[in-house]
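To be precise, the following lines are protein_25.cif, and they hold mmCIF, C-alpha atoms; chains and numbers go by the auth columns.
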```
data_entry
#
loop_
_atom_site.group_PDB
_atom_site.id
_atom_site.type_symbol
_atom_site.label_atom_id
_atom_site.label_comp_id
_atom_site.label_asym_id
_atom_site.label_seq_id
_atom_site.Cartn_x
_atom_site.Cartn_y
_atom_site.Cartn_z
_atom_site.B_iso_or_equiv
_atom_site.auth_seq_id
_atom_site.auth_asym_id
ATOM 1 C CA MET A 1 -49.930 54.961 9.156 0.00 2 A
ATOM 2 C CA ARG A 2 -47.755 52.535 7.229 0.00 3 A
ATOM 3 C CA ILE A 3 -47.650 49.245 9.092 0.00 4 A
ATOM 4 C CA VAL A 4 -46.298 45.735 8.564 0.00 5 A
ATOM 5 C CA LEU A 5 -48.156 42.998 10.471 0.00 6 A
ATOM 6 C CA VAL A 6 -46.181 39.896 11.480 0.00 7 A
ATOM 7 C CA GLY A 7 -46.797 36.832 13.603 0.00 8 A
ATOM 8 C CA PRO A 8 -46.845 33.036 13.367 0.00 9 A
ATOM 9 C CA PRO A 9 -49.632 31.111 11.650 0.00 10 A
ATOM 10 C CA GLY A 10 -52.637 31.002 13.948 0.00 11 A
ATOM 11 C CA ALA A 11 -51.855 34.373 15.566 0.00 12 A
ATOM 12 C CA GLY A 12 -55.004 35.910 14.078 0.00 13 A
ATOM 13 C CA LYS A 13 -53.233 38.171 11.585 0.00 14 A
ATOM 14 C CA GLY A 14 -55.997 37.995 8.981 0.00 15 A
ATOM 15 C CA THR A 15 -58.721 38.920 11.481 0.00 16 A
ATOM 16 C CA GLN A 16 -56.713 41.712 13.093 0.00 17 A
ATOM 17 C CA ALA A 17 -55.473 43.072 9.751 0.00 18 A
ATOM 18 C CA VAL A 18 -59.029 43.684 8.521 0.00 19 A
ATOM 19 C CA ARG A 19 -60.126 45.253 11.823 0.00 20 A
ATOM 20 C CA LEU A 20 -57.040 47.450 12.235 0.00 21 A
ATOM 21 C CA ALA A 21 -57.079 48.650 8.631 0.00 22 A
ATOM 22 C CA GLU A 22 -60.710 49.701 9.034 0.00 23 A
ATOM 23 C CA LYS A 23 -60.033 51.474 12.351 0.00 24 A
ATOM 24 C CA LEU A 24 -56.981 53.272 10.931 0.00 25 A
ATOM 25 C CA GLY A 25 -58.633 54.140 7.624 0.00 26 A
ATOM 26 C CA VAL A 26 -55.975 52.490 5.456 0.00 27 A
ATOM 27 C CA PRO A 27 -56.161 49.631 2.938 0.00 28 A
ATOM 28 C CA HIS A 28 -55.394 46.082 4.066 0.00 29 A
ATOM 29 C CA ILE A 29 -52.868 44.661 1.586 0.00 30 A
ATOM 30 C CA SER A 30 -52.386 40.893 1.873 0.00 31 A
ATOM 31 C CA THR A 31 -50.169 38.706 -0.289 0.00 32 A
ATOM 32 C CA GLY A 32 -53.005 36.269 -0.918 0.00 33 A
ATOM 33 C CA ASP A 33 -55.325 39.034 -2.125 0.00 34 A
ATOM 34 C CA LEU A 34 -52.568 40.439 -4.357 0.00 35 A
ATOM 35 C CA PHE A 35 -52.064 37.077 -6.036 0.00 36 A
ATOM 36 C CA ARG A 36 -55.794 36.431 -6.459 0.00 37 A
ATOM 37 C CA ALA A 37 -56.464 39.931 -7.840 0.00 38 A
ATOM 38 C CA ASN A 38 -53.612 39.835 -10.341 0.00 39 A
ATOM 39 C CA ILE A 39 -54.418 36.296 -11.477 0.00 40 A
ATOM 40 C CA SER A 40 -58.144 36.993 -11.854 0.00 41 A
ATOM 41 C CA ARG A 41 -57.451 40.199 -13.819 0.00 42 A
ATOM 42 C CA GLN A 42 -54.856 38.326 -15.879 0.00 43 A
ATOM 43 C CA THR A 43 -52.232 41.043 -15.428 0.00 44 A
ATOM 44 C CA GLU A 44 -48.712 40.320 -16.655 0.00 45 A
ATOM 45 C CA LEU A 45 -47.624 39.826 -13.036 0.00 46 A
ATOM 46 C CA GLY A 46 -50.630 37.574 -12.443 0.00 47 A
ATOM 47 C CA LYS A 47 -49.798 35.406 -15.444 0.00 48 A
ATOM 48 C CA LEU A 48 -46.191 35.189 -14.308 0.00 49 A
ATOM 49 C CA ALA A 49 -47.156 34.237 -10.748 0.00 50 A
ATOM 50 C CA LYS A 50 -49.629 31.622 -12.030 0.00 51 A
ATOM 51 C CA SER A 51 -46.964 30.012 -14.217 0.00 52 A
ATOM 52 C CA TYR A 52 -44.812 29.400 -11.139 0.00 53 A
ATOM 53 C CA MET A 53 -47.748 28.227 -9.027 0.00 54 A
ATOM 54 C CA ASP A 54 -49.005 25.851 -11.733 0.00 55 A
ATOM 55 C CA ALA A 55 -45.550 24.312 -11.898 0.00 56 A
ATOM 56 C CA GLY A 56 -45.630 23.784 -8.133 0.00 57 A
ATOM 57 C CA ASN A 57 -42.911 26.359 -7.515 0.00 58 A
ATOM 58 C CA LEU A 58 -42.736 29.305 -5.129 0.00 59 A
ATOM 59 C CA VAL A 59 -43.425 32.698 -6.673 0.00 60 A
ATOM 60 C CA PRO A 60 -40.076 34.566 -6.764 0.00 61 A
ATOM 61 C CA ASP A 61 -39.600 37.527 -4.435 0.00 62 A
ATOM 62 C CA GLU A 62 -39.293 39.979 -7.313 0.00 63 A
ATOM 63 C CA VAL A 63 -42.799 39.105 -8.579 0.00 64 A
ATOM 64 C CA THR A 64 -44.339 39.473 -5.102 0.00 65 A
ATOM 65 C CA ILE A 65 -42.495 42.760 -4.595 0.00 66 A
ATOM 66 C CA ALA A 66 -43.681 44.106 -7.959 0.00 67 A
ATOM 67 C CA MET A 67 -47.290 43.258 -7.056 0.00 68 A
ATOM 68 C CA ALA A 68 -46.932 44.975 -3.676 0.00 69 A
ATOM 69 C CA LYS A 69 -45.364 48.038 -5.305 0.00 70 A
ATOM 70 C CA ASP A 70 -48.230 48.318 -7.788 0.00 71 A
ATOM 71 C CA ARG A 71 -50.817 48.029 -4.973 0.00 72 A
ATOM 72 C CA MET A 72 -49.105 50.561 -2.696 0.00 73 A
ATOM 73 C CA GLU A 73 -49.089 53.068 -5.535 0.00 74 A
ATOM 74 C CA GLN A 74 -52.897 53.040 -5.771 0.00 75 A
ATOM 75 C CA PRO A 75 -54.647 56.270 -4.609 0.00 76 A
ATOM 76 C CA ASP A 76 -56.269 54.670 -1.540 0.00 77 A
ATOM 77 C CA ALA A 77 -52.822 53.834 -0.128 0.00 78 A
ATOM 78 C CA GLU A 78 -51.512 57.375 -0.413 0.00 79 A
ATOM 79 C CA ASN A 79 -51.885 58.067 3.315 0.00 80 A
ATOM 80 C CA GLY A 80 -50.937 54.628 4.567 0.00 81 A
ATOM 81 C CA PHE A 81 -51.458 50.883 4.363 0.00 82 A
ATOM 82 C CA LEU A 82 -51.326 47.720 6.414 0.00 83 A
ATOM 83 C CA LEU A 83 -49.195 44.954 4.906 0.00 84 A
ATOM 84 C CA ASP A 84 -50.196 41.394 5.842 0.00 85 A
ATOM 85 C CA GLY A 85 -48.028 38.490 4.659 0.00 86 A
ATOM 86 C CA PHE A 86 -45.437 40.764 3.079 0.00 87 A
ATOM 87 C CA PRO A 87 -42.531 41.009 3.623 0.00 88 A
ATOM 88 C CA ARG A 88 -42.138 37.282 4.294 0.00 89 A
ATOM 89 C CA ASN A 89 -38.349 37.208 4.602 0.00 90 A
ATOM 90 C CA VAL A 90 -35.411 39.559 5.135 0.00 91 A
ATOM 91 C CA SER A 91 -34.681 39.987 1.433 0.00 92 A
ATOM 92 C CA GLN A 92 -38.288 41.123 0.878 0.00 93 A
ATOM 93 C CA ALA A 93 -37.974 43.483 3.878 0.00 94 A
ATOM 94 C CA GLU A 94 -34.827 45.004 2.375 0.00 95 A
ATOM 95 C CA ALA A 95 -36.556 45.379 -0.990 0.00 96 A
ATOM 96 C CA LEU A 96 -39.542 47.042 0.715 0.00 97 A
ATOM 97 C CA ASP A 97 -37.207 49.513 2.438 0.00 98 A
ATOM 98 C CA GLN A 98 -35.610 50.383 -0.896 0.00 99 A
ATOM 99 C CA LEU A 99 -39.024 50.770 -2.515 0.00 100 A
ATOM 100 C CA LEU A 100 -40.329 53.073 0.219 0.00 101 A
ATOM 101 C CA GLU A 101 -37.093 55.055 0.260 0.00 102 A
ATOM 102 C CA SER A 102 -37.412 55.671 -3.469 0.00 103 A
ATOM 103 C CA GLU A 103 -40.862 57.153 -2.778 0.00 104 A
ATOM 104 C CA GLY A 104 -39.556 59.273 0.119 0.00 105 A
ATOM 105 C CA ILE A 105 -41.667 57.457 2.730 0.00 106 A
ATOM 106 C CA THR A 106 -40.951 55.137 5.668 0.00 107 A
ATOM 107 C CA LEU A 107 -42.741 52.555 7.762 0.00 108 A
ATOM 108 C CA ASP A 108 -44.320 53.774 10.995 0.00 109 A
ATOM 109 C CA ALA A 109 -44.397 50.450 12.830 0.00 110 A
ATOM 110 C CA VAL A 110 -44.061 46.682 12.576 0.00 111 A
ATOM 111 C CA LEU A 111 -46.778 45.087 14.715 0.00 112 A
ATOM 112 C CA ASP A 112 -45.702 41.685 16.029 0.00 113 A
ATOM 113 C CA LEU A 113 -48.552 39.462 17.239 0.00 114 A
ATOM 114 C CA GLU A 114 -47.070 37.156 19.856 0.00 115 A
ATOM 115 C CA VAL A 115 -48.679 33.831 20.737 0.00 116 A
ATOM 116 C CA PRO A 116 -47.218 30.694 22.411 0.00 117 A
ATOM 117 C CA GLU A 117 -46.459 27.826 20.030 0.00 118 A
ATOM 118 C CA ASP A 118 -48.700 25.353 21.855 0.00 119 A
ATOM 119 C CA GLU A 119 -51.593 27.825 21.524 0.00 120 A
ATOM 120 C CA VAL A 120 -50.947 28.106 17.779 0.00 121 A
ATOM 121 C CA VAL A 121 -51.168 24.313 17.454 0.00 122 A
ATOM 122 C CA LYS A 122 -54.330 24.235 19.555 0.00 123 A
ATOM 123 C CA ARG A 123 -55.974 26.992 17.503 0.00 124 A
ATOM 124 C CA ILE A 124 -55.227 25.526 14.081 0.00 125 A
ATOM 125 C CA ALA A 125 -55.384 21.778 14.800 0.00 126 A
ATOM 126 C CA GLY A 126 -58.775 22.260 16.471 0.00 127 A
ATOM 127 C CA ARG A 127 -60.413 23.772 13.385 0.00 128 A
ATOM 128 C CA ARG A 128 -63.154 21.793 11.649 0.00 129 A
ATOM 129 C CA ILE A 129 -64.574 22.781 8.259 0.00 130 A
ATOM 130 C CA CYS A 130 -67.930 21.871 6.711 0.00 131 A
ATOM 131 C CA ARG A 131 -67.600 19.748 3.558 0.00 132 A
ATOM 132 C CA ASN A 132 -70.672 21.446 2.064 0.00 133 A
ATOM 133 C CA ASP A 133 -69.539 25.023 2.667 0.00 134 A
ATOM 134 C CA SER A 134 -65.993 25.949 3.695 0.00 135 A
ATOM 135 C CA SER A 135 -67.233 29.223 5.183 0.00 136 A
ATOM 136 C CA HIS A 136 -68.843 27.198 7.994 0.00 137 A
ATOM 137 C CA VAL A 137 -65.912 26.878 10.411 0.00 138 A
ATOM 138 C CA PHE A 138 -65.982 25.427 13.932 0.00 139 A
ATOM 139 C CA HIS A 139 -63.392 24.694 16.611 0.00 140 A
ATOM 140 C CA VAL A 140 -63.388 21.696 18.943 0.00 141 A
ATOM 141 C CA THR A 141 -62.556 23.949 21.932 0.00 142 A
ATOM 142 C CA TYR A 142 -63.512 27.548 21.160 0.00 143 A
ATOM 143 C CA SER A 143 -66.661 27.136 19.027 0.00 144 A
ATOM 144 C CA PRO A 144 -67.709 23.478 18.972 0.00 145 A
ATOM 145 C CA PRO A 145 -70.744 22.337 16.963 0.00 146 A
ATOM 146 C CA LYS A 146 -73.854 21.276 18.872 0.00 147 A
ATOM 147 C CA GLN A 147 -73.349 17.735 17.574 0.00 148 A
ATOM 148 C CA GLU A 148 -69.797 16.446 17.168 0.00 149 A
ATOM 149 C CA GLY A 149 -68.764 16.182 13.517 0.00 150 A
ATOM 150 C CA VAL A 150 -71.945 17.839 12.196 0.00 151 A
ATOM 151 C CA CYS A 151 -72.301 21.411 10.874 0.00 152 A
ATOM 152 C CA ASP A 152 -74.814 23.489 12.870 0.00 153 A
ATOM 153 C CA VAL A 153 -75.739 25.465 9.739 0.00 154 A
ATOM 154 C CA CYS A 154 -76.454 22.828 7.095 0.00 155 A
ATOM 155 C CA GLY A 155 -75.899 19.428 8.711 0.00 156 A
ATOM 156 C CA GLY A 156 -72.855 18.712 6.563 0.00 157 A
ATOM 157 C CA GLU A 157 -69.927 16.616 7.716 0.00 158 A
ATOM 158 C CA LEU A 158 -67.163 18.499 9.557 0.00 159 A
ATOM 159 C CA TYR A 159 -63.583 17.530 8.787 0.00 160 A
ATOM 160 C CA GLN A 160 -60.022 18.571 9.556 0.00 161 A
ATOM 161 C CA ARG A 161 -58.062 19.897 6.568 0.00 162 A
ATOM 162 C CA ASP A 162 -54.753 18.196 5.812 0.00 163 A
ATOM 163 C CA ASP A 163 -52.862 21.438 6.447 0.00 164 A
ATOM 164 C CA ASP A 164 -54.542 21.807 9.858 0.00 165 A
ATOM 165 C CA THR A 165 -53.098 18.648 11.431 0.00 166 A
ATOM 166 C CA GLU A 166 -50.678 19.100 14.333 0.00 167 A
ATOM 167 C CA GLU A 167 -47.779 17.678 12.297 0.00 168 A
ATOM 168 C CA THR A 168 -48.413 20.116 9.434 0.00 169 A
ATOM 169 C CA VAL A 169 -48.879 23.067 11.793 0.00 170 A
ATOM 170 C CA ARG A 170 -45.526 22.369 13.472 0.00 171 A
ATOM 171 C CA LYS A 171 -43.864 22.225 10.039 0.00 172 A
ATOM 172 C CA ARG A 172 -45.450 25.577 9.150 0.00 173 A
ATOM 173 C CA LEU A 173 -44.108 26.994 12.411 0.00 174 A
ATOM 174 C CA GLU A 174 -40.621 25.752 11.516 0.00 175 A
ATOM 175 C CA VAL A 175 -40.849 27.589 8.193 0.00 176 A
ATOM 176 C CA TYR A 176 -42.026 30.725 10.013 0.00 177 A
ATOM 177 C CA HIS A 177 -39.149 30.561 12.513 0.00 178 A
ATOM 178 C CA THR A 178 -36.608 30.024 9.735 0.00 179 A
ATOM 179 C CA GLN A 179 -37.853 32.406 7.042 0.00 180 A
ATOM 180 C CA THR A 180 -40.150 35.064 8.500 0.00 181 A
ATOM 181 C CA GLU A 181 -39.208 35.518 12.159 0.00 182 A
ATOM 182 C CA PRO A 182 -35.769 36.984 11.259 0.00 183 A
ATOM 183 C CA ILE A 183 -37.517 40.088 9.885 0.00 184 A
ATOM 184 C CA ILE A 184 -38.506 40.961 13.466 0.00 185 A
ATOM 185 C CA ASP A 185 -34.826 41.376 14.401 0.00 186 A
ATOM 186 C CA TYR A 186 -34.271 43.229 11.132 0.00 187 A
ATOM 187 C CA TYR A 187 -36.957 45.775 12.037 0.00 188 A
ATOM 188 C CA LYS A 188 -35.977 45.868 15.728 0.00 189 A
ATOM 189 C CA ALA A 189 -32.635 47.271 14.588 0.00 190 A
ATOM 190 C CA GLN A 190 -34.653 50.140 13.071 0.00 191 A
ATOM 191 C CA GLY A 191 -36.673 50.644 16.253 0.00 192 A
ATOM 192 C CA LEU A 192 -39.948 49.823 14.520 0.00 193 A
ATOM 193 C CA VAL A 193 -41.206 46.690 16.278 0.00 194 A
ATOM 194 C CA VAL A 194 -44.231 46.863 18.558 0.00 195 A
ATOM 195 C CA THR A 195 -44.990 43.494 20.185 0.00 196 A
ATOM 196 C CA ILE A 196 -48.376 42.663 21.698 0.00 197 A
ATOM 197 C CA SER A 197 -49.947 39.482 23.023 0.00 198 A
ATOM 198 C CA SER A 198 -52.422 37.861 20.648 0.00 199 A
ATOM 199 C CA LEU A 199 -54.187 36.011 23.458 0.00 200 A
ATOM 200 C CA GLY A 200 -57.705 36.897 24.549 0.00 201 A
ATOM 201 C CA PRO A 201 -60.944 38.052 22.886 0.00 202 A
ATOM 202 C CA VAL A 202 -60.630 39.491 19.384 0.00 203 A
ATOM 203 C CA ASP A 203 -61.902 42.942 20.448 0.00 204 A
ATOM 204 C CA GLU A 204 -59.343 43.133 23.256 0.00 205 A
ATOM 205 C CA ILE A 205 -56.485 42.256 20.913 0.00 206 A
ATOM 206 C CA THR A 206 -57.611 44.938 18.446 0.00 207 A
ATOM 207 C CA GLN A 207 -57.760 47.556 21.212 0.00 208 A
ATOM 208 C CA ARG A 208 -54.373 46.431 22.538 0.00 209 A
ATOM 209 C CA ALA A 209 -52.891 46.821 19.065 0.00 210 A
ATOM 210 C CA LEU A 210 -54.407 50.275 18.501 0.00 211 A
ATOM 211 C CA GLU A 211 -53.115 51.541 21.842 0.00 212 A
ATOM 212 C CA ALA A 212 -49.622 50.152 21.155 0.00 213 A
ATOM 213 C CA LEU A 213 -49.541 51.765 17.704 0.00 214 A
ATOM 214 C CA LYS A 214 -50.764 55.059 19.148 0.00 215 A
ATOM 215 C CA ARG A 215 -47.944 55.010 21.720 0.00 216 A
ATOM 216 C CA GLU A 216 -45.403 54.169 19.035 0.00 217 A
ATOM 217 C CA LYS A 217 -46.592 57.040 16.854 0.00 218 A
ATOM 218 C CA ALA A 218 -46.462 59.504 19.784 0.00 219 A
ATOM 219 C CA GLU A 219 -42.951 58.389 20.760 0.00 220 A
ATOM 220 C CA ASN A 220 -41.646 58.783 17.213 0.00 221 A
ATOM 221 C CA LYS A 221 -43.042 62.279 16.669 0.00 222 A
#
```
Would you write the structure of this file as structure tokens?
Amino acid sequence: MRIVLVGPPGAGKGTQAVRLAEKLGVPHISTGDLFRANISRQTELGKLAKSYMDAGNLVPDEVTIAMAKDRMEQPDAENGFLLDGFPRNVSQAEALDQLLESEGITLDAVLDLEVPEDEVVKRIAGRRICRNDSSHVFHVTYSPPKQEGVCDVCGGELYQRDDDTEETVRKRLEVYHTQTEPIIDYYKAQGLVVTISSLGPVDEITQRALEALKREKAENK
């Protein structure tokens, strides 16, 4: 299957993308991974993207699209892929359509992870990271440390990242509503959007998504 995954920050896209890609047997293609891979390999696209990032500017759509095109043309993506973080706006969605059309293929579904805004704020603003090791992540509500402010693993200090504060999260949501959310209407016009709730245990959300995608595939046969 060829799937685009969308949803607001804090909807659990990264977690679900990895799980769904594995279950479906397709590569998980995320914008962040594309940038990191191209920059670390010092490809021409990577150098170009880094020049914009170093200058504090957004990477232009055409660079992101070229990276995605290169990745989707790899052998492991021949029978499908799951796109996470791309397209990020309507112009990227239009460019993706043109790209796929030129290859004689189409998207099978756009999976929209729905979560209430207050829940997004609660999920992200409650995160606490260990200063010694950023892979040690806790949550004041969902997975609190045994001792407040102290990492269970190494005893390091737990802190809230600047981009995890409620004010910052609400700004990120504004950007999502303005720039990314319009692609849902764009794809709805093509009959591709499958919306599921992103509330509940991770396993349940994965199963919910797989069942919704299975129904979508059966209906479009």
Applied to the shown file, which residues does the PyMOL selection byres ((chain A and resi 200) around 10) return, written as a ChimeraX atom specification? /A:12-13,114-117,120,197-199,201-203,205-206
Residue nearest Ala94 of chain A among A:Leu159, A:Leu46, A:Leu21, A:Val111 (counting all atoms listed in the file):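 Once distances to Ala94 of chain A are computed over all atoms listed in the file, the minimum belongs to A:Val111.
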When you draw a straight line from atom CA of Glu167 of chain A to atom CA of Ile130 of chain A, how long is it in Å?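 Computed distance, atom CA of Glu167 of chain A to atom CA of Ile130 of chain A, equals 15.6 Å.
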Take the PyMOL selection byres ((chain A and resi 63) around 12), run it mentally on this structure, and tell me the resulting residues as number ranges by chain. A: 46, 49-50, 59-62, 64-70, 88, 92-97, 100
Coordinates-based distance that separates atom CA of Arg20 of chain A from atom CA of Glu104 of chain A (Å, one decimal):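 We find that atom CA of Glu104 of chain A and atom CA of Arg20 of chain A lie 26.9 Å from each other.
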